[in-house]
>>> print(open('target.cif').read())   # mmCIF, C-alpha atoms and all ligand atoms
data_structure
loop_
_atom_site.label_atom_id
_atom_site.label_comp_id
_atom_site.auth_asym_id
_atom_site.auth_seq_id
_atom_site.Cartn_x
_atom_site.Cartn_y
_atom_site.Cartn_z
CA MET A 1 -4.57 -0.17 -41.90
CA THR A 2 -2.15 1.75 -39.68
CA PHE A 3 -1.40 1.38 -35.98
CA THR A 4 -2.99 4.80 -35.39
CA GLU A 5 -6.23 3.94 -37.19
CA LEU A 6 -6.61 0.70 -35.26
CA TRP A 7 -5.68 2.37 -31.97
CA GLU A 8 -8.11 5.24 -32.38
CA ARG A 9 -11.01 2.97 -33.25
CA LEU A 10 -10.50 1.02 -30.03
CA LEU A 11 -9.75 4.02 -27.79
CA PRO A 12 -13.36 5.06 -26.91
CA VAL A 13 -14.55 1.51 -26.11
CA GLY A 14 -15.23 1.05 -22.39
CA ARG A 15 -13.63 4.35 -21.34
CA ASP A 16 -15.27 6.01 -18.34
CA GLU A 17 -15.99 9.63 -19.20
CA HIS A 18 -15.26 10.88 -15.66
CA THR A 19 -12.02 9.07 -14.81
CA GLY A 20 -10.70 8.50 -18.35
CA GLY A 21 -9.93 4.92 -17.24
CA TYR A 22 -11.11 1.72 -18.93
CA ARG A 23 -13.73 -0.67 -17.59
CA ARG A 24 -13.53 -3.49 -20.09
CA TYR A 25 -14.65 -6.51 -18.10
CA SER A 26 -15.06 -9.89 -19.71
CA TRP A 27 -18.46 -10.83 -21.13
CA THR A 28 -19.90 -7.32 -20.74
CA GLU A 29 -21.00 -4.85 -23.42
CA PRO A 30 -17.58 -3.13 -23.69
CA ASP A 31 -15.99 -6.58 -24.01
CA ALA A 32 -18.37 -7.44 -26.85
CA ALA A 33 -17.42 -4.14 -28.54
CA CYS A 34 -13.70 -5.01 -28.14
CA ARG A 35 -14.38 -8.41 -29.70
CA SER A 36 -16.18 -6.80 -32.66
CA TRP A 37 -13.23 -4.44 -33.08
CA PHE A 38 -10.89 -7.47 -33.13
CA ALA A 39 -12.97 -9.32 -35.74
CA ALA A 40 -13.23 -6.20 -37.95
CA ALA A 41 -9.46 -5.54 -37.76
CA ALA A 42 -8.73 -9.18 -38.60
CA ALA A 43 -11.18 -9.17 -41.52
CA GLU A 44 -9.59 -6.02 -42.98
CA LEU A 45 -6.25 -7.84 -42.94
CA GLY A 46 -7.80 -10.91 -44.57
CA LEU A 47 -7.33 -13.00 -41.39
CA VAL A 48 -9.81 -15.63 -40.24
CA THR A 49 -11.20 -15.08 -36.70
CA ASP A 50 -12.07 -17.95 -34.34
CA CYS A 51 -13.37 -17.93 -30.79
CA ASP A 52 -12.10 -21.03 -28.95
CA ARG A 53 -14.15 -23.04 -26.40
CA ASN A 54 -12.71 -20.92 -23.56
CA GLY A 55 -13.69 -17.59 -25.11
CA ASN A 56 -10.22 -16.61 -26.34
CA LEU A 57 -10.14 -14.95 -29.77
CA TRP A 58 -7.74 -15.98 -32.55
CA ALA A 59 -7.05 -14.33 -35.90
CA TRP A 60 -5.07 -16.51 -38.29
CA TRP A 61 -2.81 -15.74 -41.23
CA GLY A 62 -2.66 -19.26 -42.62
CA ARG A 63 -4.59 -22.01 -40.81
CA PRO A 64 -2.89 -24.13 -38.13
CA GLY A 65 -3.33 -27.92 -38.13
CA GLY A 66 -4.03 -30.03 -41.21
CA GLY A 67 -0.34 -30.69 -41.82
CA ALA A 68 0.78 -27.03 -41.48
CA PRO A 69 3.89 -26.51 -39.34
CA PRO A 70 3.16 -25.28 -35.79
CA ALA A 71 2.23 -21.59 -35.72
CA ILE A 72 3.85 -18.49 -34.26
CA VAL A 73 1.33 -16.67 -32.09
CA THR A 74 1.43 -13.13 -30.78
CA GLY A 75 -1.23 -11.08 -28.98
CA SER A 76 -2.28 -10.11 -25.47
CA HIS A 77 -5.66 -9.18 -23.90
CA LEU A 78 -8.41 -6.60 -24.32
CA ASP A 79 -9.94 -6.65 -20.81
CA SER A 80 -8.86 -4.12 -18.18
CA VAL A 81 -8.58 -3.61 -14.45
CA PRO A 82 -11.12 -1.10 -13.02
CA ASP A 83 -10.06 2.25 -14.46
CA GLY A 84 -7.10 0.73 -16.23
CA GLY A 85 -4.95 2.44 -18.85
CA ALA A 86 -5.32 2.23 -22.61
CA PHE A 87 -2.12 0.24 -23.21
CA ASP A 88 -2.10 -2.73 -20.82
CA GLY A 89 -3.21 -5.50 -23.17
CA PRO A 90 -4.48 -3.61 -26.25
CA LEU A 91 -0.99 -2.42 -27.19
CA GLY A 92 0.02 -6.03 -27.84
CA ILE A 93 -2.99 -6.72 -30.05
CA VAL A 94 -2.94 -3.46 -32.02
CA SER A 95 0.82 -3.92 -32.54
CA ALA A 96 0.23 -7.49 -33.72
CA PHE A 97 -2.26 -6.40 -36.39
CA ALA A 98 -0.02 -3.47 -37.39
CA ALA A 99 3.02 -5.77 -37.65
CA ILE A 100 1.07 -8.22 -39.83
CA GLY A 101 -0.09 -5.29 -42.00
CA GLN A 102 3.54 -4.20 -42.38
CA LEU A 103 4.73 -7.71 -43.28
CA ARG A 104 1.91 -8.07 -45.80
CA SER A 105 2.77 -4.77 -47.47
CA GLU A 106 6.42 -5.86 -47.69
CA GLY A 107 5.32 -9.01 -49.56
CA PHE A 108 6.41 -11.37 -46.75
CA ARG A 109 5.06 -14.94 -47.11
CA PRO A 110 5.05 -16.87 -43.81
CA VAL A 111 6.17 -20.49 -43.85
CA ARG A 112 4.33 -21.07 -40.55
CA PRO A 113 0.83 -19.79 -39.76
CA ILE A 114 0.82 -16.58 -37.70
CA GLY A 115 -1.89 -16.12 -35.07
CA VAL A 116 -3.07 -13.11 -33.08
CA ALA A 117 -4.63 -14.10 -29.75
CA ALA A 118 -6.81 -12.03 -27.41
CA PHE A 119 -6.99 -13.96 -24.13
CA THR A 120 -10.12 -13.50 -22.06
CA GLU A 121 -10.26 -12.25 -18.42
CA GLU A 122 -6.48 -11.69 -18.18
CA GLU A 123 -6.86 -9.24 -15.34
CA GLY A 124 -9.36 -11.33 -13.40
CA ALA A 125 -11.21 -8.07 -12.77
CA ARG A 126 -14.67 -9.64 -13.08
CA PHE A 127 -14.27 -13.24 -11.88
CA GLY A 128 -11.21 -12.96 -9.63
CA VAL A 129 -8.80 -15.37 -11.35
CA ALA A 130 -6.15 -13.63 -13.45
CA CYS A 131 -5.27 -15.11 -16.86
CA LEU A 132 -8.44 -17.21 -16.79
CA GLY A 133 -8.52 -17.77 -20.58
CA SER A 134 -4.97 -19.10 -20.81
CA ARG A 135 -5.37 -21.06 -17.56
CA LEU A 136 -8.45 -22.82 -18.95
CA MET A 137 -6.70 -23.53 -22.24
CA THR A 138 -3.69 -25.09 -20.47
CA GLY A 139 -5.75 -26.90 -17.82
CA THR A 140 -4.23 -24.94 -14.93
CA VAL A 141 -7.68 -24.14 -13.57
CA ASP A 142 -10.40 -26.73 -13.11
CA PRO A 143 -13.29 -26.05 -15.55
CA GLY A 144 -15.90 -26.88 -12.88
CA VAL A 145 -14.34 -24.42 -10.44
CA ALA A 146 -14.12 -21.80 -13.21
CA ARG A 147 -17.78 -22.21 -14.21
CA ASP A 148 -18.83 -21.42 -10.62
CA LEU A 149 -16.67 -18.29 -10.22
CA ARG A 150 -18.92 -15.32 -9.38
CA ASP A 151 -18.62 -11.64 -10.13
CA GLY A 152 -19.48 -8.90 -7.60
CA ASP A 153 -23.20 -9.21 -8.46
CA GLY A 154 -23.25 -12.98 -7.97
CA VAL A 155 -23.33 -13.82 -11.72
CA THR A 156 -21.33 -16.98 -12.45
CA LEU A 157 -18.83 -17.31 -15.29
CA ALA A 158 -21.10 -20.01 -16.74
CA GLU A 159 -24.07 -17.61 -16.77
CA ALA A 160 -22.01 -14.78 -18.28
CA MET A 161 -20.62 -17.03 -21.05
CA LEU A 162 -24.08 -18.41 -21.80
CA ALA A 163 -25.48 -14.88 -22.09
CA ALA A 164 -22.68 -14.09 -24.55
CA GLY A 165 -23.62 -17.11 -26.68
CA LEU A 166 -20.90 -19.56 -25.58
CA ASP A 167 -21.46 -22.99 -24.09
CA PRO A 168 -19.76 -23.08 -20.66
CA ALA A 169 -19.97 -26.89 -20.63
CA LEU A 170 -17.20 -26.87 -23.26
CA ILE A 171 -14.55 -24.90 -21.35
CA GLY A 172 -11.32 -26.66 -20.40
CA PRO A 173 -7.92 -27.81 -21.68
CA ASP A 174 -7.27 -27.45 -25.40
CA GLU A 175 -4.32 -29.72 -26.16
CA PRO A 176 -4.81 -29.74 -29.95
CA LEU A 177 -4.62 -25.93 -30.09
CA LEU A 178 -1.55 -25.88 -27.84
CA ALA A 179 0.10 -28.52 -30.01
CA ASP A 180 -0.40 -26.28 -33.04
CA ILE A 181 1.68 -23.44 -31.52
CA ALA A 182 5.47 -23.42 -31.85
CA ALA A 183 5.97 -20.21 -29.85
CA TYR A 184 4.02 -17.33 -28.28
CA VAL A 185 5.52 -13.82 -28.23
CA GLU A 186 3.51 -11.18 -26.33
CA LEU A 187 4.24 -7.48 -26.75
CA HIS A 188 3.22 -5.40 -23.71
CA ILE A 189 3.74 -1.93 -22.33
CA GLU A 190 6.37 -2.05 -19.60
CA GLN A 191 4.68 -1.69 -16.21
CA GLY A 192 7.65 -0.01 -14.63
CA SER A 193 10.23 2.51 -15.78
CA ALA A 194 13.35 0.37 -16.27
CA LEU A 195 13.49 0.95 -20.05
CA ALA A 196 13.12 4.70 -19.52
CA GLY A 197 16.08 4.59 -17.14
CA LEU A 198 18.13 2.65 -19.70
CA GLY A 199 17.17 4.91 -22.61
CA ALA A 200 15.73 1.98 -24.62
CA ALA A 201 12.44 1.97 -26.55
CA VAL A 202 11.97 -1.80 -26.32
CA GLY A 203 13.11 -4.62 -24.06
CA VAL A 204 12.84 -8.39 -23.76
CA ALA A 205 11.43 -10.16 -20.70
CA ASP A 206 13.53 -12.49 -18.62
CA GLY A 207 10.99 -13.81 -16.12
CA ILE A 208 8.04 -13.03 -13.87
CA TRP A 209 8.04 -13.03 -10.08
CA PRO A 210 5.78 -15.65 -8.50
CA HIS A 211 2.54 -14.00 -7.42
CA GLY A 212 -1.00 -14.62 -6.28
CA ARG A 213 -4.23 -13.30 -4.79
CA TRP A 214 -5.76 -14.17 -1.46
CA ARG A 215 -9.29 -13.31 -0.31
CA CYS A 216 -9.56 -12.27 3.36
CA ASP A 217 -12.93 -12.27 5.16
CA PHE A 218 -13.23 -10.50 8.52
CA THR A 219 -16.58 -11.17 10.22
CA GLY A 220 -17.72 -8.85 13.01
CA ARG A 221 -21.03 -7.56 14.37
CA ALA A 222 -23.00 -4.63 12.95
CA ASP A 223 -23.95 -2.04 15.54
CA HIS A 224 -24.67 1.66 16.06
CA ALA A 225 -21.66 3.98 15.58
CA GLY A 226 -23.10 6.51 18.05
CA THR A 227 -24.09 4.27 20.93
CA THR A 228 -21.83 1.19 21.03
CA ARG A 229 -19.10 1.57 23.65
CA LEU A 230 -15.60 0.84 22.31
CA PRO A 231 -15.03 -2.22 24.55
CA ASP A 232 -18.35 -3.72 23.37
CA ARG A 233 -17.53 -3.60 19.66
CA ARG A 234 -16.57 -6.44 17.33
CA ASP A 235 -15.39 -4.21 14.49
CA PRO A 236 -13.86 -6.09 11.51
CA MET A 237 -12.35 -2.88 10.17
CA LEU A 238 -9.73 -2.89 12.93
CA PRO A 239 -8.05 -6.24 12.16
CA PHE A 240 -8.33 -5.39 8.47
CA ALA A 241 -6.40 -2.17 9.16
CA ALA A 242 -3.81 -4.20 11.08
CA ALA A 243 -3.51 -6.58 8.11
CA VAL A 244 -2.88 -3.67 5.71
CA LEU A 245 -0.06 -2.35 7.91
CA ALA A 246 1.34 -5.87 8.41
CA ALA A 247 1.39 -6.38 4.63
CA ARG A 248 3.40 -3.23 4.12
CA GLN A 249 5.87 -4.21 6.85
CA ALA A 250 6.20 -7.84 5.70
CA ALA A 251 6.83 -6.72 2.11
CA ALA A 252 9.47 -4.22 3.20
CA ASP A 253 11.17 -6.90 5.35
CA ALA A 254 11.14 -9.45 2.49
CA GLY A 255 12.17 -7.17 -0.38
CA ALA A 256 8.82 -8.09 -1.96
CA LEU A 257 5.43 -6.50 -2.72
CA ALA A 258 2.08 -6.85 -0.95
CA THR A 259 -1.04 -4.81 -1.70
CA PHE A 260 -4.62 -4.59 -0.50
CA GLY A 261 -6.21 -2.84 -3.50
CA LYS A 262 -9.81 -4.01 -3.17
CA VAL A 263 -11.96 -3.90 -0.06
CA ILE A 264 -15.70 -4.22 0.50
CA ALA A 265 -17.20 -3.18 3.84
CA GLU A 266 -20.67 -4.56 4.60
CA PRO A 267 -23.25 -3.20 4.88
CA GLY A 268 -21.33 -0.01 4.12
CA ALA A 269 -23.14 2.52 6.34
CA ALA A 270 -21.21 5.62 7.44
CA ASN A 271 -22.89 5.49 10.86
CA ALA A 272 -22.61 1.77 11.61
CA ILE A 273 -19.89 -0.65 12.61
CA SER A 274 -19.39 -3.05 9.69
CA SER A 275 -20.71 -6.60 9.92
CA GLY A 276 -17.99 -7.81 7.56
CA VAL A 277 -14.94 -6.68 5.65
CA HIS A 278 -13.82 -8.56 2.53
CA ALA A 279 -10.40 -7.66 1.18
CA TRP A 280 -8.03 -9.01 -1.46
CA LEU A 281 -4.29 -9.36 -0.88
CA ASP A 282 -2.05 -9.28 -3.97
CA ALA A 283 1.43 -10.57 -3.09
CA ARG A 284 4.55 -10.95 -5.26
CA ALA A 285 8.15 -11.84 -4.43
CA PRO A 286 11.43 -12.73 -6.14
CA ASP A 287 11.02 -16.41 -5.20
CA GLU A 288 8.32 -18.74 -3.93
CA VAL A 289 9.84 -19.34 -0.48
CA VAL A 290 9.96 -15.61 0.24
CA LEU A 291 6.42 -15.24 -1.09
CA GLU A 292 5.10 -18.02 1.14
CA GLN A 293 6.84 -16.64 4.23
CA MET A 294 5.55 -13.14 3.57
CA VAL A 295 1.95 -14.28 3.04
CA SER A 296 2.14 -16.41 6.24
CA ALA A 297 3.39 -13.40 8.20
CA ILE A 298 0.48 -11.28 6.93
CA GLU A 299 -2.03 -14.05 7.63
CA GLY A 300 -0.64 -14.48 11.16
CA ALA A 301 -0.89 -10.76 11.91
CA ALA A 302 -4.46 -10.60 10.55
CA ARG A 303 -5.57 -13.66 12.54
CA SER A 304 -4.04 -12.39 15.74
CA ALA A 305 -5.62 -8.91 15.35
CA ALA A 306 -8.97 -10.54 14.54
CA GLY A 307 -8.71 -12.56 17.78
CA ASP A 308 -7.94 -9.39 19.76
CA HIS A 309 -11.14 -7.79 18.49
CA GLY A 310 -13.51 -10.77 18.69
CA VAL A 311 -13.71 -10.92 14.90
CA GLY A 312 -13.82 -14.04 12.73
CA PHE A 313 -11.11 -14.41 10.06
CA GLU A 314 -10.71 -16.62 7.01
CA MET A 315 -8.17 -16.41 4.21
CA ARG A 316 -8.29 -18.31 0.92
CA ARG A 317 -5.95 -18.32 -2.10
CA GLU A 318 -7.86 -17.41 -5.27
CA SER A 319 -5.09 -17.61 -7.82
CA PHE A 320 -1.37 -18.31 -8.03
CA THR A 321 1.33 -18.16 -10.70
CA PRO A 322 4.66 -19.83 -9.91
CA VAL A 323 7.94 -18.20 -10.88
CA VAL A 324 8.22 -17.90 -14.68
CA SER A 325 11.51 -18.08 -16.59
CA PHE A 326 10.87 -17.39 -20.24
CA ASP A 327 12.50 -19.77 -22.73
CA PRO A 328 16.18 -18.69 -22.69
CA GLY A 329 16.81 -19.76 -26.29
CA LEU A 330 13.82 -17.78 -27.59
CA ARG A 331 14.70 -14.80 -25.37
CA ASP A 332 18.26 -14.69 -26.75
CA GLN A 333 16.96 -15.16 -30.29
CA LEU A 334 14.69 -12.11 -29.82
CA VAL A 335 17.62 -10.02 -28.58
CA ARG A 336 19.63 -11.08 -31.68
CA ILE A 337 16.75 -10.36 -34.08
CA LEU A 338 16.27 -6.90 -32.56
CA ALA A 339 20.00 -6.17 -32.67
CA ALA A 340 20.02 -7.08 -36.36
CA ALA A 341 17.15 -4.59 -36.81
CA GLY A 342 19.27 -1.93 -35.10
CA LEU A 343 17.46 -2.09 -31.75
CA VAL A 344 19.28 -2.51 -28.46
CA ALA A 345 16.82 -4.37 -26.24
CA PRO A 346 17.72 -4.80 -22.57
CA VAL A 347 16.56 -7.99 -20.83
CA LEU A 348 14.30 -7.27 -17.84
CA PRO A 349 12.48 -9.19 -15.08
CA THR A 350 8.97 -8.08 -14.11
CA GLY A 351 6.51 -8.37 -11.24
CA ALA A 352 3.49 -8.15 -13.54
CA GLY A 353 1.52 -11.22 -14.57
CA HIS A 354 0.76 -12.13 -18.21
CA ASP A 355 -0.82 -14.94 -20.25
CA ALA A 356 2.70 -15.50 -21.64
CA GLY A 357 3.67 -16.53 -18.08
CA VAL A 358 0.90 -19.14 -17.92
CA LEU A 359 1.65 -20.48 -21.41
CA ALA A 360 5.39 -20.66 -20.60
CA ALA A 361 4.91 -24.00 -18.82
CA TRP A 362 3.56 -25.52 -22.08
CA ILE A 363 5.15 -23.82 -25.06
CA PRO A 364 8.21 -21.60 -25.63
CA THR A 365 7.14 -18.07 -24.82
CA ALA A 366 8.79 -14.65 -24.82
CA MET A 367 7.78 -11.05 -24.25
CA LEU A 368 8.68 -7.70 -25.76
CA PHE A 369 8.23 -4.61 -23.60
CA VAL A 370 7.64 -1.07 -24.88
CA ARG A 371 8.97 1.86 -22.85
CA ASN A 372 6.60 3.50 -20.36
CA PRO A 373 8.14 6.90 -19.50
CA SER A 374 6.55 7.25 -16.06
CA GLY A 375 6.30 3.53 -15.30
CA VAL A 376 2.65 4.07 -14.18
CA SER A 377 0.26 1.24 -15.08
CA HIS A 378 -3.18 -0.05 -13.95
CA SER A 379 -4.14 3.63 -13.99
CA PRO A 380 -5.61 6.04 -16.56
CA ALA A 381 -2.19 7.80 -16.49
CA GLU A 382 -0.49 4.81 -18.18
CA HIS A 383 1.25 6.01 -21.34
CA ALA A 384 3.67 5.12 -24.13
CA GLU A 385 4.92 7.59 -26.75
CA PRO A 386 3.76 7.06 -30.37
CA ASP A 387 7.38 6.74 -31.56
CA ASP A 388 8.03 3.95 -29.06
CA CYS A 389 4.81 2.18 -30.09
CA ALA A 390 6.03 2.38 -33.70
CA THR A 391 9.37 0.90 -32.63
CA GLY A 392 7.44 -1.87 -30.89
CA VAL A 393 5.64 -2.68 -34.16
CA THR A 394 8.97 -2.72 -36.05
CA ALA A 395 10.44 -5.03 -33.40
CA LEU A 396 7.44 -7.38 -33.44
CA ALA A 397 7.38 -7.49 -37.24
CA ALA A 398 11.09 -8.43 -37.29
CA VAL A 399 10.47 -11.18 -34.72
CA LEU A 400 7.45 -12.60 -36.58
CA ALA A 401 9.30 -12.52 -39.90
CA GLU A 402 12.19 -14.47 -38.44
CA LEU A 403 10.17 -16.99 -36.44
CA ALA A 404 7.44 -17.60 -39.02
CA GLY A 405 9.73 -17.40 -42.03
CA GLN A 406 11.48 -20.70 -41.38
C1 LIG B 501 -1.74 -8.14 -14.35
O1 LIG B 501 -1.53 -7.09 -14.94
C2 LIG B 501 -1.15 -8.37 -13.06
O2 LIG B 501 0.09 -8.33 -12.95
O3 LIG B 501 -1.90 -8.54 -12.11
MN MN B 502 -2.65 -5.59 -16.18
MN MN B 503 -1.56 -6.94 -19.31
#
>>> encode(input="target.cif", output="structure tokens")
Amino acid sequence: MTFTELWERLLPVGRDEHTGGYRRYSWTEPDAACRSWFAAAAAELGLVTDCDRNGNLWAWWGRPGGGAPPAIVTGSHLDSVPDGGAFDGPLGIVSAFAAIGQLRSEGFRPVRPIGVAAFTEEEGARFGVACLGSRLMTGTVDPGVARDLRDGDGVTLAEAMLAAGLDPALIGPDEPLLADIAAYVELHIEQGSALAGLGAAVGVADGIWPHGRWRCDFTGRADHAGTTRLPDRRDPMLPFAAAVLAARQAAADAGALATFGKVIAEPGAANAISSGVHAWLDARAPDEVVLEQMVSAIEGAARSAAGDHGVGFEMRRESFTPVVSFDPGLRDQLVRILAAAGLVAPVLPTGAGHDAGVLAAWIPTAMLFVRNPSGVSHSPAEHAEPDDCATGVTALAAVLAELAGQ
């Protein structure tokens, strides 16, 4: 089974016909179709598929536990942001299956089990907490809090999992599974254009900037757009607008990044002042002190503008990932393995979050990046060239052969 066959089978799943972007949200129909695709691909390779208590999928070449040496795991995620690209997540999983297919056809016999993981709700697009599957597995999110997370329609994670046939009472830390993993190596499309600038098809990750999401609620008073005098208004849109501009300024001042990418105005009438505005701040910085100062500056500006307009304001952190430094020994080993395979792989930092970043606090983890010519990601325009994807598979196969062959 080739990379192209696997890729093309997955390509139509969850793609919006108007935008060309993907809407693969966890525990929905497209997610179920992605999971079926995963199980079918694994079965064709003779791998055994498991779904763990937290809803993450695993395909195993050789079983972990029972006296086997700890496994080498690769993989990524199949869910998407709203109107995401085809590569963010799936590239890592398709490449994993293709690399295993290649190793099989070369007659390679792993000493350690090799696993392919598809972590659930990596983007947090439905329930708000990014990397939810790996956070649950490592115990970095409380299972009770997770069960009560709600999507935009008010459906809880517990209800969504139950409807998909899983028991939400069982979610939570999975120490035995973590103990069975010697290393996790995630292949991912680069979400920037550094490799393109360096003329390299693949790279190795160094670390991830600390980052998080904050929910901001501005509460005003609904009223008539045609009759309410300006001084009489309590319009939550105005402090929200001030917060957006403050975020841009604070990020520029800090050499960091701050984005309001999701906003809901209630009740959403074109001819009424909003009663409430709910907005999500995504903030990322080179270190945690800078991140904290930047978020405080944005919060202060939003609170002060809300006060000026008679609007209520509350801000709450929904998720956070501390700075991640990938295992230096494993990182250097990957660079050496790739060099031996004739691939020069630059070492790069990134501002994008990944399950590998969550797992890094528990097990040695590393990441391989595949060149993205435009650097565009979280957009239908995200792209990687077929030749670079093939190089990614070659690189991953070399890494798996080395790590699982001893
Ligand atoms: C995931 O892609 C993130 O960086 O938010
Ligand atoms: Mn993403
Ligand atoms: Mn991703």
>>> residues_near_ligand(input="target.cif", ligand="ligand MN 503 (chain B)", cutoff="12 Å", atoms="all atoms listed in the file", output="PyMOL selection string")
chain A and resi 75-81+84-93+118-125+130-131+186-191+350-357+367+369+377-378+382
>>> atom_distance(input="target.cif", atom1="CA of Val185 in chain A", atom2="CA of Val111 in chain A")
17.0 Å
>>> closest_residue(input="target.cif", among="A:Gln102, A:Asn271, A:Asp235, A:Gly192", to="ligand MN 502 (chain B)", atoms="all atoms listed in the file")
A:Gly192
>>> closest_residue(input="target.cif", among="A:Ala194, A:Ala241, A:Ala401, A:Val376", to="ligand MN 502 (chain B)", atoms="all atoms listed in the file")
A:Val376
>>> atom_distance(input="target.cif", atom1="CA of Ala169 in chain A", atom2="CA of Arg53 in chain A")
9.1 Å
>>> residues_around(input="target.cif", residues="Val13 in chain A", least_positions_apart="4", cutoff="10 Å", atoms="only C-alpha atoms", output="list in words")
Glu8, Arg9, Tyr22, Arg23, Arg24, Glu29, Pro30, Asp31, Ala32, Ala33, Cys34, Trp37 and Ala86 of chain A
>>> residues_near_point(input="target.cif", point="(6.4, -14.0, -48.8)", cutoff="12 Å", atoms="all atoms listed in the file", output="ChimeraX atom specification")
/A:100,103-112,401-402,404-406
>>> atom_distance(input="target.cif", atom1="CA of Gly165 in chain A", atom2="CA of Arg15 in chain A")
24.3 Å
>>> residues_near_point(input="target.cif", point="(3.2, -12.8, 5.2)", cutoff="9 Å", atoms="all atoms listed in the file", output="number ranges by chain")
A: 246-247, 250-251, 258, 283, 290-301
>>> axis_aligned_box(input="target.cif", around="range 241-258 of chain A", padding_each_side="6 Å", output="AutoDock Vina command-line options")
--center_x 2.9 --center_y -5.8 --center_z 4.2 --size_x 30.6 --size_y 19.3 --size_z 25.8
>>> closest_residue(input="target.cif", among="A:Gly55, A:Gly212, A:Gly312, A:Gly20", to="Leu238 in chain A", atoms="all atoms listed in the file")
A:Gly312
>>> closest_residue(input="target.cif", among="A:Gly197, A:Pro168, A:Gly152, A:Pro176", to="Met137 in chain A", atoms="all atoms listed in the file")
A:Pro176
